[in-house]
Amino acid sequence: MVHQAETDTRPVLIVAGPTASGKSALALAAALVFDGVVINADSMQVYRELRILTARPDPDAESRVPHRLYGMLSVRDTCSAARWRAMAVAEIAAAHQTGRLPVICGGTGLYLRALTDGLSPIPEIPDPVREAVRERLAREGLPALYAALEAVDPITAARLPPGDTQRITRALEVHSATGRPLAKWQAVPAEGPPPGLRFMTILLQPPRAVLYAACNARLETMMAEGALAEVQALRQSGTDPTLPAMKALGVPDFLRHLAGDMTRADAVAAAQQATRRYAKRQSTWFNNQIIADLTIKEKYSEKLNDKIFSFIRQNLLTPAT
């Protein structure tokens with residue numbers, strides 16, 4: 001049971017780390033011990049159609065403690081960092097109202113930074129604007145959109161590779177919706193963290209070789225559990241290929257396999273390689289951008305519980321002075 005601290009701040013535990021580091025298992029274990037609610041901070045685990053391929057907690061885990069913001073959106077419903085932050089803040093408040101410890105779990109650095117530091121106050125983009133930009137992309141192609149971005153927001157265009165579909169369309173959406181370049185919005189100071197919260201971050205950073213082996217093994221497990229069927233369902237539903245969920249790890253490679261352009265073995269190998277590269281980028285980002293309260297330099301296992309739980313009790317659940 002979580003109690004209000006003497007300084008009128010309420011505790012929030014963040015479990016962060018690269019993919020396949022054991023974050024979900026640690027978050028579940030902590031939530032079981034400290035009467036917690038696990039709140040998703042992974043940009044792909046918000047989509048309901050990709051439970052297996054995004055390694056969402058399974059139904060057994062979800063039945064043991066409350067899990068929030070997992071699988072709560074369709075792949076057709078884009079989730080921005082600002083939208084996620086608003087939902088996460090609401091779930092944190094709901095957890096505190098019931099005396100539970102919010103346990104934020106995920107590896108999307110932008111989401112975690114949005115929560116703890118805030119974001120520039122970019123307005124939410126209306127759906128008609130998003131749809132108009134997607135239609136323009138389909139009609140004119142990415143080079144034309146990149147040229148359009150250079151004309152209205154040269155600073156942002158210079159920061160982006162010409163092939164970065166997601167960020168180019170995002171910048172054009174912002175300009176179309178607000179009449180103001182994304183670069184100018186990003187120059188506005190962030191609003192800061194939500195008031196009344198006290199964050200503590202535990203970072204899992206396994207050795208590179210251990211992490212890579214875990215990434216490879218997890219892809220094999222996903223295949224055995226039906227990941228290919230998830231991608232086939234997306235393909236058959238005619239989901240817009242430019243949507244963020246269609247860029248989830250493994251999806252592009254398995255789509256190529258289903259289209260007959262790649263063998264199953266080659267698709268798995270490509271997905272494993274993409275996952276390893278992503279895990280490396282995450283590790284680098286966390287090393288450079290996150291000041292963790294506790295860093296565990298190995299993959300999570302239950303033998304670490306005494307050390308981790310003792311740290312949580314002493315440094316998060318003791319009222320601040």
# chains A, B, ... in the order shown; residues from 1 in each chain; ligands from 1
>>> residues_around(residues="region 9-21 of chain A", least_positions_apart="4", cutoff="8 Å", atoms="only C-alpha atoms", output="PyMOL selection string")
chain A and resi 2-5+26-27+92+96+101-107+196-206+211+214-215+218+275+278-280+282-283+286+298-300+316-317
>>> select_by_dssp(residues="region 19-192 of chain A", states="strand (DSSP E or B)", output="list of chain:residue names")
A:Gly36, A:Val37, A:Val38, A:Ile39, A:Asn40, A:Tyr47, A:His67, A:Arg68, A:Leu73, A:Leu101, A:Pro102, A:Val103, A:Ile104, A:Cys105, A:Gly106
>>> atom_distance(atom1="CA of Glu135 (chain A)", atom2="CA of Ile122 (chain A)")
22.5 Å
>>> select_by_dssp(residues="region 155-187 of chain A", states="helix (DSSP H, G or I)", output="list of chain:residue names")
A:Ile155, A:Thr156, A:Ala157, A:Ala158, A:Arg159, A:Thr165, A:Gln166, A:Arg167, A:Ile168, A:Thr169, A:Arg170, A:Ala171, A:Leu172, A:Glu173, A:Val174, A:His175, A:Ser176, A:Ala177, A:Thr178, A:Leu182, A:Ala183, A:Lys184, A:Trp185, A:Gln186
>>> atom_distance(atom1="CA of Ile155 (chain A)", atom2="CA of Ala183 (chain A)")
6.3 Å
>>> residues_around(residues="Leu142 (chain A)", least_positions_apart="3", cutoff="10 Å", atoms="only C-alpha atoms", output="PyMOL selection string")
chain A and resi 136-139+145-148+162-165+168-169
>>> write_last_selection(atoms="N, CA, C and O atoms", output="PDB file, in the first residue's frame")
ATOM      1  N   ARG A 136      -1.614  12.291 -49.100  1.00  0.00           N
ATOM      2  CA  ARG A 136      -0.627  12.995 -49.920  1.00  0.00           C
ATOM      3  C   ARG A 136       0.627  12.146 -50.102  1.00  0.00           C
ATOM      4  O   ARG A 136       1.211  12.110 -51.193  1.00  0.00           O
ATOM      5  N   LEU A 137       1.028  11.436 -49.054  1.00  0.00           N
ATOM      6  CA  LEU A 137       2.180  10.546 -49.153  1.00  0.00           C
ATOM      7  C   LEU A 137       1.928   9.459 -50.189  1.00  0.00           C
ATOM      8  O   LEU A 137       2.792   9.168 -51.030  1.00  0.00           O
ATOM      9  N   ALA A 138       0.745   8.842 -50.132  1.00  0.00           N
ATOM     10  CA  ALA A 138       0.410   7.787 -51.089  1.00  0.00           C
ATOM     11  C   ALA A 138       0.343   8.320 -52.511  1.00  0.00           C
ATOM     12  O   ALA A 138       0.724   7.632 -53.464  1.00  0.00           O
ATOM     13  N   ARG A 139      -0.122   9.555 -52.653  1.00  0.00           N
ATOM     14  CA  ARG A 139      -0.323  10.137 -53.985  1.00  0.00           C
ATOM     15  C   ARG A 139       0.980  10.684 -54.592  1.00  0.00           C
ATOM     16  O   ARG A 139       1.266  10.470 -55.770  1.00  0.00           O
ATOM     17  N   LEU A 145       7.115  14.893 -50.304  1.00  0.00           N
ATOM     18  CA  LEU A 145       6.801  15.383 -48.962  1.00  0.00           C
ATOM     19  C   LEU A 145       8.031  15.958 -48.278  1.00  0.00           C
ATOM     20  O   LEU A 145       7.949  16.962 -47.555  1.00  0.00           O
ATOM     21  N   TYR A 146       9.176  15.345 -48.515  1.00  0.00           N
ATOM     22  CA  TYR A 146      10.413  15.870 -47.923  1.00  0.00           C
ATOM     23  C   TYR A 146      10.719  17.251 -48.496  1.00  0.00           C
ATOM     24  O   TYR A 146      11.111  18.167 -47.765  1.00  0.00           O
ATOM     25  N   ALA A 147      10.506  17.419 -49.801  1.00  0.00           N
ATOM     26  CA  ALA A 147      10.707  18.734 -50.419  1.00  0.00           C
ATOM     27  C   ALA A 147       9.740  19.757 -49.850  1.00  0.00           C
ATOM     28  O   ALA A 147      10.108  20.925 -49.601  1.00  0.00           O
ATOM     29  N   ALA A 148       8.496  19.336 -49.597  1.00  0.00           N
ATOM     30  CA  ALA A 148       7.520  20.243 -49.002  1.00  0.00           C
ATOM     31  C   ALA A 148       7.934  20.644 -47.591  1.00  0.00           C
ATOM     32  O   ALA A 148       7.776  21.803 -47.191  1.00  0.00           O
ATOM     33  N   PRO A 162      16.169  11.813 -45.519  1.00  0.00           N
ATOM     34  CA  PRO A 162      15.076  11.902 -46.498  1.00  0.00           C
ATOM     35  C   PRO A 162      14.178  10.674 -46.542  1.00  0.00           C
ATOM     36  O   PRO A 162      13.078  10.741 -47.086  1.00  0.00           O
ATOM     37  N   GLY A 163      14.625   9.567 -45.955  1.00  0.00           N
ATOM     38  CA  GLY A 163      13.811   8.349 -45.959  1.00  0.00           C
ATOM     39  C   GLY A 163      13.032   8.102 -44.683  1.00  0.00           C
ATOM     40  O   GLY A 163      12.408   7.040 -44.542  1.00  0.00           O
ATOM     41  N   ASP A 164      13.050   9.046 -43.764  1.00  0.00           N
ATOM     42  CA  ASP A 164      12.371   8.860 -42.480  1.00  0.00           C
ATOM     43  C   ASP A 164      10.891   9.222 -42.619  1.00  0.00           C
ATOM     44  O   ASP A 164      10.458  10.331 -42.275  1.00  0.00           O
ATOM     45  N   THR A 165      10.107   8.276 -43.098  1.00  0.00           N
ATOM     46  CA  THR A 165       8.690   8.535 -43.378  1.00  0.00           C
ATOM     47  C   THR A 165       7.936   9.040 -42.163  1.00  0.00           C
ATOM     48  O   THR A 165       7.182  10.027 -42.236  1.00  0.00           O
ATOM     49  N   ILE A 168       9.000  12.683 -41.049  1.00  0.00           N
ATOM     50  CA  ILE A 168       8.681  13.687 -42.075  1.00  0.00           C
ATOM     51  C   ILE A 168       7.180  13.962 -42.086  1.00  0.00           C
ATOM     52  O   ILE A 168       6.741  15.118 -42.102  1.00  0.00           O
ATOM     53  N   THR A 169       6.393  12.900 -42.059  1.00  0.00           N
ATOM     54  CA  THR A 169       4.940  13.106 -42.049  1.00  0.00           C
ATOM     55  C   THR A 169       4.489  13.771 -40.758  1.00  0.00           C
ATOM     56  O   THR A 169       3.594  14.624 -40.769  1.00  0.00           O
TER      57      THR A 169
END
>>> residues_around(residues="Ala224 (chain A)", least_positions_apart="6", cutoff="12 Å", atoms="only C-alpha atoms", output="list in words")
Ile52, Leu53, Ala217, Arg218 and Val268 of chain A
>>> residues_around(residues="Val231 (chain A)", least_positions_apart="3", cutoff="9 Å", atoms="only C-alpha atoms", output="ChimeraX atom specification")
/A:49-50,53,227-228,234-236,246,250-252,254-255,258
>>> closest_residue(among="A:Ala267, A:Ala86, A:Ala29, A:Leu119", to="Trp185 (chain A)", atoms="only C-alpha atoms")
A:Leu119
>>> atom_distance(atom1="CA of Gln186 (chain A)", atom2="CA of Asp42 (chain A)")
22.2 Å
>>> closest_residue(among="A:Ala269, A:Ala132, A:Leu110, A:Val38", to="Ala177 (chain A)", atoms="only C-alpha atoms")
A:Ala132
>>> closest_residue(among="A:Gln273, A:Thr108, A:Gln166, A:Ser74", to="Leu243 (chain A)", atoms="only C-alpha atoms")
A:Gln166
>>> residues_around(residues="Arg180 (chain A)", least_positions_apart="5", cutoff="10 Å", atoms="only C-alpha atoms", output="PyMOL selection string")
chain A and resi 122+152-153+171-172+174-175+185
>>> residues_around(residues="Glu173 (chain A)", least_positions_apart="4", cutoff="10 Å", atoms="only C-alpha atoms", output="PyMOL selection string")
chain A and resi 124-134+167-169+177-179+181-182
